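Undergrad: Here's a structure for you.
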Amino acid sequence: MISYGSVTKRFRDGTVAVDDFSLSVPRGSLTVLAGSSGCGKTTLMRMVNRMVDPSEGRVAVDGQDVAGQDPVALRRRIGYVMQNSGLLPHRTVGQNIATVPRLTGMDRSAARRKAADMMDLVGLAPELANRYPAQLSGGQQQRVGVARGLAADPEILLMDEPFGAVDPLVRADLQRQLVELHHQLGTTILFVTHDMDEALTLGDHIVLLQAGARIAQQGTPKDFVSAPASDFVRDFLGLDRGQRTLRRETAADGSVLLVDPHGRPAGVLAE
Amino acid sequence: MSWILNNLPLILDRLWAHVATSLPAIVLALLISLPLGWLAHRYRPLNGPVLTGAGLMYALPSLPLFIVLPVLIGTGVRDAVNVVVALTLYGVALMVRSVSDGLDGIPPEARSAATALGYRPLRRFLAVDLPLAGPVILSGLRVVAVSTVSLCTVGAVLGIPSLGLLFTDGFQRGILAQILTGIVLTVALALALDRLLVLTGRLLMPWARTPSRRTSRRSHRAGGVERAVTPS
Amino acid sequence: MNQLWEALLWCLDPSNWQGPAGIGARSLEHLGYTALALVIASVIAVPVGWWVGHTGRGRGVAVAVSGAARALPTLGVVTLMGLMLGIGLAAPMTAFVVLAVPSILAAAYAGFEAVDRQVVDAARAQGLTEAQVLWRVEVPLGLPLLIGGLRSAALQVIATATLAAYVGAGGLGRYLFLGLKTQDYAMMLGGSLIVVLLAIALDLLFAAAGRAAVPRGVRVARQGQAQ
Ligand SMILES: Nc1ncnc2c1ncn2[C@@H]1O[C@H](COP(=O)(O)OP(=O)(O)OP(=O)(O)O)[C@@H](O)[C@H]1O
Ligand SMILES: [Mg+2]
């Protein structure tokens with residue numbers, strides 16, 4: 001669906017954000033680009049909808065090099081969700097969600113219905129449609145961002161740390177919902193995060209990056225936990241601190257607990 | 001050029017009159033707006049009236065003010081005191097806002113830390129609040145200095161001496177060079193004063209290094225241009 | 001205070017309101033200058049300011065121009081134009097425009113700069129064209145600041161138009177200079193009072209327009225912060 005072929009990005013100030021990166025993102029997958037701050041995740045993602053153009057190499061969507069495509073048309077068929085939602089402050093929630101459908105010529109009432117459907121899909125109450133972004137909580141704003149990204153029925157959804165700024169409970173809720181949406185719609189999702197837990201929760205394919213977007217390891221969540229490829233990966237996963245090594249212990253009532261190396265219970269084992 | 005060389009004493013005379021009128025106004029404006037701005041900052045109910053009053057003040061056109069003022073303070077219409085008073089009023093109107101904004105912008109932690117250290121209110125104001133609000137106050141003072149120097153010339157149409165007399169005189173006698181000299185000198189004086197304030201600020205507030213482009217853009221955003229209204 | 005009373009009587013004397021040199025006609029003339037100067041200055045400064053704000057190019061020049069213009073003495077510009085262009089509307093109008101352009105220019109680009117770059121970036125990433133980003137995002141969100149700039153330009157022109165009578169232009173400044181020449185203090189003071197009133201009225205009008213131009217969604221955001 002999306003393929004990077006030996007892509008390098010050198011910014012005008014000389015920063016090499018991406019250095020010879022290749023990857024192929026299968027159709028319908030939820031691929032997570034993980035890595036610490038500044039390793040080039042956002043830059044990689046923005047090359048898909050031509051918000052950034054590569055200095056070398058090529059990025060293709062559906063086998064077609066994006067470099068030859070009209071950026072505006074390309075962006076309208078690729079959803080984009082960013083960390084602080086980036087909603088238009090002077091438009092209502094409904095208008096924000098309906099932006100791309102309206103731009104692509106959908107009439108007003110159809111666009112309004114589309115927005116309502118999208119709100120339903122991401123779990124927003126319909127009466128929020130007439131509110132302004134500033135009147136929503138951070139979590140609600142992120143949902144609106146997701147709804148806006150999906151409103152044009154895109155085949156690809158780009159998500160750049162979309163849940164970075166919400167509290168852990170809301171984040172867990174949003175993550176659960178994203179997985180559901182992904183199953184339901186089958187959209188190809190490219191998801192950026194620096195939170196490895198989030199990557200393990202969401203990704204069916206994870207690409208862990210080091211500075212310059214060099215791939216440290218890629219694979220399924222299971223691959224990462226069972227066979228970390230290097231100390232860097234181990235470090236990033238928190239394996240060296242033993243945080244993910246759990247042992248069994250039997251509680252007073254006979255249930256089996258999983259306990260971390262510090263003796264703190266991490267959960268109950270369901271047999 | 002020859003006009004300048006032939007009239008050097010006259011030009012210096014005007015320049016001196018200009019400095020003697022505008023400088024007191026700038027200093028007075030600073031001295032008056034410090035307590036006034038503090039009041040507006042400290043007592044919320046005063047904030048609205050003081051700032052609205054200040055806003056209306058700099059809506060007043062200068063020449064009419066120069067004419068109305070003598071009636072209110074009992075001076076003659078050609079008295080340079082009018083200009084000093086009017087320019088001071090404009091300056092205060094601009095500065096009050098900077099002072100109260102500057103004080104508003106002090107992080108509460110810094111202030112309570114100072115109080116916890118045992119500063120008494122006046123000492124704390126002088127030793128902590130004023131320096132911390134300094135950069136904002138300085139930028140207000142720079143605007144005041146430049147606009148005061150420029151406005152000072154208006155008094156010339158009433159016969160009050162300043163570089164402005166080069167404009168009126170040059171116009172009456174049809175000497176372009178004289179007017180141009182006046183403009184160049186006024187702008188140069190304003191910019192020199194501005195530079196001087198920047199340098200003084202660096203000496204007095206070495207911690208507030210010239211902000212990087214990014215932060216200055218941000219503060220620009222926060223402040224907005226609605227405030228860039230200057231008296232005219 | 002007695003003088004003030006006489007000035008008030010002068011303002012209210014119906015005979016002073018009549019004819020092409022009456023207070024009514026002079027006020028209209030004064031406002032007409034202001035409106036025309038604002039229109040011309042906007043036509044020049046708004047597109048340039050928007051271009052600077054949208055592209056970020058030429059910002060240094062724009063900042064320098066609008067900053068230096070603050071130091072420009074209005075009387076100097078008025079007399080200079082008067083001498084160079086002679087009698088007629090061209091001289092004062094050129095001066096007004098020269099003095100009005102910088103604040104409008106600065107407000108136009110500052111209005112765009114004040115728009116959250118993330119919002120603009122997101123809009124572009126949704127697939128808005130550059131023109132759509134400009135008209136649907138930057139212009140509406142930058143409008144309040146632009147009106148702030150028009151406001152200071154208007155005040156600037158009202159004040160300068162008063163001075164322009166010195167070089168033979170019409171408007172309310174006539175009363176000031178005529179009064180000065182003929183030692184008619186009531187006329188001079190009365191004319192000044194009217195200019196002051198006009199300026200305050202215009203200032204309030206622009207202030208109201210500026211508030212009205214703040215989009216509702218932005219207003220609720222500010223209220224939310226204030227609470
Ligand atoms: N427009 C730009 N001009 C110059 N350098 C840039 C630009 N955008 C990004 N960079 C640099 O490129 C590198 C990668 O940036 P990028 O935003 O892709 O990182 P990231 O992995 O998304 O980081 P984060 O997790 O903090 O968002 C960084 O060193 C950054 O400073
Ligand atoms: Mg990023």
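We name chains A, B, ... following the order of the structure tokens; residues begin at 1 in each chain, and ligands are numbered from 1 as shown.
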Which residues in segment 12-232 of chain B does DSSP call alpha helix (DSSP H)? List them as number ranges by chain.

TA: B: 12-42, 44-57, 62-73, 80-104, 108-117, 121-124, 130-151, 164-173, 176-204, 213-223

Undergrad: Compute the set of protein, DNA and RNA residues whose minimum atom distance to ligand 1 is at most 12 Å, using only C-alpha atoms and all ligand atoms, and state it as number ranges by chain.

TA: A: 8-19, 33-47, 51-53, 82-84, 159-162, 164, 191-195, 208-214; C: 121

Undergrad: For segment 79-95 of chain B, please output as a tab-separated table (two decimals) with N, CA and C atoms, in the first residue's frame all residues within 6 Å (counting only C-alpha atoms; exclusion window: fewer than 3 positions along the same chain).

TA:
chain	number	residue	atom	x	y	z
B	21	THR	N	12.51	69.16	25.13
B	21	THR	CA	11.07	68.97	25.28
B	21	THR	C	10.70	67.49	25.41
B	25	ALA	N	9.57	64.58	28.95
B	25	ALA	CA	8.28	63.90	28.81
B	25	ALA	C	8.46	62.39	28.95
B	29	ALA	N	6.93	60.27	31.99
B	29	ALA	CA	5.98	59.21	31.67
B	29	ALA	C	6.37	57.92	32.38
B	33	SER	N	4.04	56.26	35.25
B	33	SER	CA	3.33	55.02	34.90
B	33	SER	C	3.74	53.85	35.79
B	54	ALA	N	-6.41	54.90	29.34
B	54	ALA	CA	-5.17	54.97	28.58
B	54	ALA	C	-5.46	54.80	27.09
B	58	TYR	N	-4.66	57.71	23.96
B	58	TYR	CA	-3.86	57.77	22.75
B	58	TYR	C	-4.67	57.75	21.47
B	76	GLY	N	-0.19	79.37	28.36
B	76	GLY	CA	-0.46	79.99	27.07
B	76	GLY	C	-0.35	78.95	25.96
B	98	SER	N	2.12	48.62	29.63
B	98	SER	CA	3.32	47.78	29.66
B	98	SER	C	3.66	47.39	31.09
B	140	GLY	N	7.93	48.70	26.24
B	140	GLY	CA	6.96	49.79	26.24
B	140	GLY	C	7.66	51.14	26.18
B	144	VAL	N	7.42	54.37	23.58
B	144	VAL	CA	7.15	55.72	24.06
B	144	VAL	C	8.24	56.68	23.57
B	160	ILE	N	5.98	76.39	18.73
B	160	ILE	CA	6.79	75.86	19.83
B	160	ILE	C	8.05	75.21	19.26

Undergrad: Give the residues of chain A that lie within 7 Å of chain C; count only C-alpha atoms, and format the answer as a PDB file with N, CA and C atoms, in the first residue's frame.

TA:
ATOM      1  N   MET A  51       3.637  16.305   2.526  1.00  0.00           N
ATOM      2  CA  MET A  51       3.874  17.483   3.348  1.00  0.00           C
ATOM      3  C   MET A  51       5.382  17.722   3.407  1.00  0.00           C
ATOM      4  N   VAL A  72      -2.492  18.278  -3.326  1.00  0.00           N
ATOM      5  CA  VAL A  72      -3.806  18.547  -2.744  1.00  0.00           C
ATOM      6  C   VAL A  72      -4.730  17.342  -2.906  1.00  0.00           C
ATOM      7  N   ALA A  73      -4.769  16.793  -4.115  1.00  0.00           N
ATOM      8  CA  ALA A  73      -5.631  15.636  -4.361  1.00  0.00           C
ATOM      9  C   ALA A  73      -5.173  14.443  -3.519  1.00  0.00           C
ATOM     10  N   ARG A  75      -3.573  14.496  -0.638  1.00  0.00           N
ATOM     11  CA  ARG A  75      -3.887  14.700   0.779  1.00  0.00           C
ATOM     12  C   ARG A  75      -5.356  14.477   1.059  1.00  0.00           C
ATOM     13  N   ARG A  76      -6.207  14.806   0.074  1.00  0.00           N
ATOM     14  CA  ARG A  76      -7.635  14.649   0.317  1.00  0.00           C
ATOM     15  C   ARG A  76      -8.041  13.187   0.398  1.00  0.00           C
ATOM     16  N   GLY A  79      -6.102  10.327   5.146  1.00  0.00           N
ATOM     17  CA  GLY A  79      -6.459  10.994   6.395  1.00  0.00           C
ATOM     18  C   GLY A  79      -5.217  11.312   7.206  1.00  0.00           C
ATOM     19  N   TYR A  80      -5.277  12.391   7.983  1.00  0.00           N
ATOM     20  CA  TYR A  80      -4.108  12.795   8.765  1.00  0.00           C
ATOM     21  C   TYR A  80      -4.590  13.266  10.134  1.00  0.00           C
ATOM     22  N   GLY A  86      -5.126  19.896  15.853  1.00  0.00           N
ATOM     23  CA  GLY A  86      -5.028  20.834  14.735  1.00  0.00           C
ATOM     24  C   GLY A  86      -6.374  21.207  14.143  1.00  0.00           C
ATOM     25  N   LEU A  87      -7.406  21.213  14.983  1.00  0.00           N
ATOM     26  CA  LEU A  87      -8.737  21.567  14.488  1.00  0.00           C
ATOM     27  C   LEU A  87      -8.814  23.066  14.240  1.00  0.00           C
ATOM     28  N   LEU A  88      -9.673  23.463  13.283  1.00  0.00           N
ATOM     29  CA  LEU A  88      -9.855  24.884  13.019  1.00  0.00           C
ATOM     30  C   LEU A  88     -10.669  25.480  14.164  1.00  0.00           C
ATOM     31  N   PRO A  89     -10.102  26.442  14.890  1.00  0.00           N
ATOM     32  CA  PRO A  89     -10.770  26.934  16.094  1.00  0.00           C
ATOM     33  C   PRO A  89     -12.056  27.698  15.797  1.00  0.00           C
ATOM     34  N   HIS A  90     -12.188  28.213  14.572  1.00  0.00           N
ATOM     35  CA  HIS A  90     -13.362  29.037  14.273  1.00  0.00           C
ATOM     36  C   HIS A  90     -14.462  28.251  13.577  1.00  0.00           C
ATOM     37  N   ARG A  91     -14.275  26.939  13.448  1.00  0.00           N
ATOM     38  CA  ARG A  91     -15.325  26.103  12.863  1.00  0.00           C
ATOM     39  C   ARG A  91     -15.849  25.154  13.925  1.00  0.00           C
ATOM     40  N   VAL A 100     -13.130  18.023   4.465  1.00  0.00           N
ATOM     41  CA  VAL A 100     -12.702  17.418   3.203  1.00  0.00           C
ATOM     42  C   VAL A 100     -13.893  17.001   2.326  1.00  0.00           C
ATOM     43  N   TYR A 132     -17.660  24.330  19.542  1.00  0.00           N
ATOM     44  CA  TYR A 132     -16.368  24.678  18.970  1.00  0.00           C
ATOM     45  C   TYR A 132     -15.279  23.849  19.642  1.00  0.00           C
ATOM     46  N   ALA A 134     -12.687  24.512  21.190  1.00  0.00           N
ATOM     47  CA  ALA A 134     -12.263  24.976  22.516  1.00  0.00           C
ATOM     48  C   ALA A 134     -13.235  24.522  23.605  1.00  0.00           C
TER      49      ALA A 134
END

Undergrad: Nearest to Val48 of chain A: which of A:Ser24, A:Lys114, A:Ser3, A:His182 is it, counting only C-alpha atoms?

TA: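 That would be A:Ser3, the residue with the smallest distance to Val48 of chain A.
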
Undergrad: Which distance in Å separates atom CA of Asp13 of chain C and atom CA of Leu197 of chain C, to one decimal?

TA: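 Taking atom CA of Asp13 of chain C and atom CA of Leu197 of chain C, their separation equals 17.1 Å.
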
Undergrad: Could you state the separation of atom CA of Asn6 of chain B and atom CA of Ala71 of chain C in Å, given to one decimal place?

TA: 26.4 Å

Undergrad: Do a neighbour search on segment 185-200 of chain B at 9 Å with only C-alpha atoms, toss out local chain neighbours closer than 2 positions, and write the hits as a ChimeraX atom specification.

TA: /B:15,18-19,138-139,141-143,145-150,153,163-164,180-183,202-205 /C:68-73

Undergrad: As a list in words, please: the residues near Ala100 of chain C (cut-off 8 Å, only C-alpha atoms, same-chain neighbours under 6 positions excluded).

TA: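 Here the answer would be Ala37, Leu38, Ala41, Ala153, Ala154, Gln156 and Val157 of chain C.
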
Undergrad: How many Å separate atom CA of Ala90 of chain C from atom CA of Ile179 of chain B?

TA: 18.4 Å

Undergrad: Which residues are close to Arg211 of chain C, i.e. within 12 Å by only C-alpha atoms, leaving aside same-chain residues fewer than 6 positions away? Reply as a PyMOL selection string.

TA: (chain B and resi 226) or (chain C and resi 143-148+204-205+218-219)

Undergrad: Using only C-alpha atoms, which residue out of A:Val59, A:Leu150, A:Asp197, A:Leu202 lies closest to Gly238 of chain A?

TA: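 Once distances to Gly238 of chain A are computed over only C-alpha atoms, the minimum belongs to A:Asp197.
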
Undergrad: Restricting the calculation to only C-alpha atoms: of B:Val128, B:Ile4, B:Ala20, B:Leu151, which residue gets closest to chain C?

TA: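 Checking each candidate against chain C, we get B:Leu151 as the closest.
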
Undergrad: Tell me which protein, DNA and RNA residues are within 8 Å of Val66 of chain A, counting only C-alpha atoms, leaving out same-chain ones fewer than 5 positions away, and put them as a PyMOL selection string.

TA: chain A and resi 48-50+58-61+74

Undergrad: Compare C:Ala165, C:Ala21, C:Leu134, C:Ala114 by their minimum atom-to-atom distance to chain B, counting only C-alpha atoms, and give me the closest one.

TA: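 Checking each candidate against chain B, we get C:Ala114 as the closest.
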